[in-house]
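Structure file start-v3.cif with mmCIF, C-alpha atoms:
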data_structure
#
loop_
_atom_site.label_atom_id
_atom_site.label_comp_id
_atom_site.auth_asym_id
_atom_site.auth_seq_id
_atom_site.Cartn_x
_atom_site.Cartn_y
_atom_site.Cartn_z
CA MET A 7 20.70 -66.57 -172.24
CA LEU A 8 22.67 -64.81 -174.94
CA HIS A 9 21.86 -61.20 -175.62
CA SER A 10 23.53 -58.94 -178.12
CA GLN A 11 23.58 -55.23 -178.62
CA GLN A 12 23.13 -55.95 -182.34
CA HIS A 13 19.58 -57.32 -181.79
CA GLN A 14 20.43 -60.86 -182.82
CA PRO A 15 17.81 -63.51 -182.11
CA ASN A 16 17.89 -64.94 -178.59
CA ALA A 17 18.92 -68.55 -178.29
CA THR A 18 19.07 -70.73 -175.19
CA LEU A 19 22.32 -72.59 -174.52
CA VAL A 20 22.27 -75.66 -172.30
CA PHE A 21 25.59 -76.63 -170.70
CA GLY A 22 26.59 -79.33 -168.28
CA VAL A 23 29.79 -79.80 -166.31
CA ILE A 24 30.55 -82.95 -164.34
CA ALA A 25 32.51 -82.78 -161.08
CA ASP A 26 35.33 -84.88 -162.56
CA GLY A 27 36.02 -82.06 -165.05
CA SER A 28 34.32 -83.57 -168.07
CA SER A 29 31.45 -81.84 -169.80
CA ILE A 30 28.22 -82.69 -171.50
CA ASN A 31 27.88 -81.63 -175.12
CA PRO A 32 26.04 -78.30 -175.22
CA VAL A 33 22.65 -77.86 -176.84
CA MET A 34 21.41 -74.65 -178.46
CA ILE A 35 17.69 -73.96 -178.78
CA TRP A 36 17.33 -71.76 -181.85
CA PRO A 37 14.30 -69.47 -182.39
CA SER A 38 12.93 -70.84 -185.65
CA LYS A 39 10.87 -73.76 -186.89
CA THR A 40 13.92 -75.42 -188.46
CA VAL A 41 17.65 -75.24 -187.82
CA PRO A 42 19.19 -72.74 -190.29
CA LYS A 43 21.76 -74.20 -192.66
CA ASP A 44 24.15 -71.42 -191.60
CA LEU A 45 24.35 -73.05 -188.16
CA ALA A 46 24.77 -76.64 -189.36
CA GLY A 47 28.57 -76.37 -189.16
CA LEU A 48 28.40 -75.95 -185.39
CA LYS A 49 27.47 -79.64 -185.11
CA TYR A 50 31.12 -80.45 -185.70
CA HIS A 51 32.00 -78.48 -182.56
CA ARG A 52 30.01 -80.85 -180.30
CA LEU A 53 27.06 -78.45 -180.30
CA GLU A 54 23.62 -79.89 -180.98
CA ILE A 55 21.09 -77.40 -182.31
CA VAL A 56 17.34 -77.79 -181.97
CA ALA A 57 14.68 -75.38 -183.18
CA ASN A 58 11.45 -74.63 -181.33
CA GLY A 59 10.16 -71.34 -182.72
CA SER A 60 10.84 -69.15 -179.69
CA GLY A 61 14.41 -69.99 -178.69
CA TRP A 62 13.29 -70.29 -175.07
CA MET A 63 13.36 -73.53 -173.08
CA SER A 64 9.98 -75.27 -172.78
CA LYS A 65 9.09 -78.27 -170.61
CA ASN A 66 9.14 -80.46 -173.73
CA ASP A 67 12.60 -79.17 -174.71
CA PHE A 68 13.85 -79.72 -171.16
CA GLU A 69 12.53 -83.27 -171.03
CA GLU A 70 13.99 -84.17 -174.43
CA ILE A 71 17.40 -82.63 -173.69
CA MET A 72 17.61 -84.23 -170.25
CA MET A 73 16.47 -87.69 -171.40
CA LYS A 74 18.61 -87.72 -174.56
CA ASN A 75 21.70 -85.62 -173.78
CA ILE A 76 22.24 -85.31 -170.05
CA LEU A 77 20.79 -88.11 -167.93
CA PRO A 78 22.36 -91.02 -169.83
CA ILE A 79 25.81 -89.42 -169.44
CA VAL A 80 25.31 -88.60 -165.75
CA ASN A 81 24.04 -92.12 -165.07
CA LYS A 82 26.96 -93.69 -166.94
CA LYS A 83 29.48 -91.52 -165.04
CA ARG A 84 27.78 -92.33 -161.72
CA ILE A 85 28.16 -96.07 -162.31
CA GLU A 86 31.61 -95.77 -163.90
CA LEU A 87 33.08 -93.73 -161.04
CA HIS A 88 31.36 -95.21 -158.00
CA GLY A 89 29.30 -98.27 -158.95
CA SER A 90 25.61 -98.90 -159.46
CA GLU A 91 24.74 -98.29 -155.79
CA ALA A 92 26.19 -94.76 -155.80
CA SER A 93 24.11 -91.64 -156.24
CA ALA A 94 24.68 -88.52 -158.32
CA LEU A 95 23.60 -84.91 -157.93
CA ILE A 96 22.35 -82.51 -160.59
CA ILE A 97 22.14 -78.82 -159.72
CA MET A 98 20.09 -76.62 -162.04
CA ASP A 99 18.46 -73.22 -162.12
CA GLY A 100 14.86 -72.65 -161.14
CA HIS A 101 13.28 -72.04 -164.55
CA SER A 102 9.69 -73.29 -164.65
CA SER A 103 10.54 -75.84 -167.38
CA ARG A 104 12.57 -77.84 -164.82
CA LEU A 105 9.42 -79.10 -163.10
CA CYS A 106 9.13 -82.16 -165.32
CA TRP A 107 7.84 -85.32 -163.63
CA THR A 108 9.24 -87.63 -166.31
CA VAL A 109 12.76 -86.38 -165.58
CA ILE A 110 12.26 -86.32 -161.80
CA THR A 111 10.90 -89.88 -161.79
CA TRP A 112 13.71 -91.18 -164.02
CA CYS A 113 16.29 -89.57 -161.75
CA ARG A 114 14.76 -91.09 -158.62
CA GLU A 115 14.78 -94.54 -160.25
CA HIS A 116 18.48 -94.13 -161.13
CA SER A 117 19.75 -92.69 -157.81
CA ILE A 118 20.21 -89.18 -159.21
CA GLU A 119 19.24 -86.37 -156.85
CA ILE A 120 18.15 -82.98 -158.20
CA ILE A 121 18.62 -79.60 -156.54
CA ILE A 122 16.76 -76.74 -158.19
CA LEU A 123 18.12 -73.33 -157.22
CA PRO A 124 15.67 -70.47 -156.66
CA SER A 125 14.70 -68.54 -159.77
CA HIS A 126 16.53 -65.31 -160.53
CA THR A 127 19.45 -66.11 -158.22
CA THR A 128 21.95 -67.65 -160.62
CA HIS A 129 24.13 -64.53 -160.44
CA LEU A 130 24.60 -65.40 -156.77
CA THR A 131 24.32 -69.18 -156.64
CA GLN A 132 25.95 -70.49 -159.82
CA PRO A 133 29.68 -69.91 -160.25
CA LEU A 134 29.50 -71.20 -163.83
CA ASP A 135 27.32 -68.21 -164.75
CA ARG A 136 29.75 -65.79 -163.12
CA TYR A 137 33.05 -67.14 -164.46
CA VAL A 138 33.02 -69.96 -167.02
CA PHE A 139 30.01 -68.86 -169.08
CA VAL A 140 31.10 -65.21 -169.10
CA GLN A 141 34.26 -66.18 -170.98
CA PHE A 142 32.31 -68.44 -173.33
CA LYS A 143 29.79 -65.70 -174.11
CA LYS A 144 32.53 -63.15 -174.78
CA ARG A 145 34.17 -65.48 -177.30
CA LEU A 146 30.85 -66.40 -178.86
CA TYR A 147 29.87 -62.74 -179.31
CA SER A 148 33.23 -61.94 -180.88
CA SER A 149 32.83 -64.73 -183.44
CA PHE A 150 29.32 -63.78 -184.62
CA GLN A 151 28.73 -61.19 -187.32
CA PRO A 152 25.68 -58.89 -187.51
CA PRO A 153 22.51 -60.61 -188.75
CA THR A 154 21.85 -60.89 -192.47
CA GLU A 155 18.53 -59.99 -194.12
CA ASN A 156 17.02 -63.28 -192.98
CA GLY A 157 18.07 -62.60 -189.38
CA ILE A 158 20.77 -65.29 -189.29
CA SER A 159 24.25 -64.37 -188.18
CA SER A 160 27.39 -65.93 -189.56
CA TYR A 161 30.12 -67.25 -187.34
CA GLY A 162 33.79 -68.06 -187.67
#

Here is a file; write its structure as structure tokens.
Amino acid sequence: MLHSQQHQPNATLVFGVIADGSSINPVMIWPSKTVPKDLAGLKYHRLEIVANGSGWMSKNDFEEIMMKNILPIVNKKRIELHGSEASALIIMDGHSSRLCWTVITWCREHSIEIIILPSHTTHLTQPLDRYVFVQFKKRLYSSFQPPTENGISSYG
């Protein structure tokens, strides 16, 4: 979760890294009913932006992001690297939105195992949070300007 000392709106960022070093295009959940035009330019940086009103991940957001953005890529990589009989593993944090039977069922049917880490332990159990994302967040914070009257920050 991104937090700023300048009281910018909170947005959820969804990242995925595959063991072969490739990554899944990130998704940002923005706290408004529509995606602000100011953020439209980020689409060209492989970032998909969705709006849900709160900026927090819901079960519906999780299901849509997993089914559209993550699972097809993981399944394709699984088959590409090791064949259709191979399995894959997805490790994710323990947020309550992850308990989505549609995603769990789809994964089981496609030989994708899921490990959900205990809630509130990512600072201990997820090296991406401790190293990779820290650098990303520092760069992201340095590129955003304070919010305008409408609460939208510029970037660049």

Close residues, stretch 54-64 of chain A itself excluded, 7 Å, only C-alpha atoms, min 2 positions apart in chain, as a ChimeraX atom specification: /A:16-18,32-41,49,52,66-68,103

Test item: the PyMOL selection byres ((chain A and resi 73-77) around 10) resolved as a PyMOL selection string: chain A and resi 20-22+29-33+54+67-72+78-83+96+108-109+112-113+116+118

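Across the model, the gap from atom CA of A:Val23 to atom CA of A:Val140 is 14.9 Å.
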
For atom CA of A:Glu119 and atom CA of A:Gly100, the interatomic separation in Å (one decimal):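 Spanning atom CA of A:Glu119 to atom CA of A:Gly100 is a straight-line distance of 15.0 Å.
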
Pairwise distance for atom CA of A:Asp44 and atom CA of A:Lys143, rounded to one decimal in Å: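 Value for the atom CA of A:Asp44-atom CA of A:Lys143 distance: 19.2 Å.
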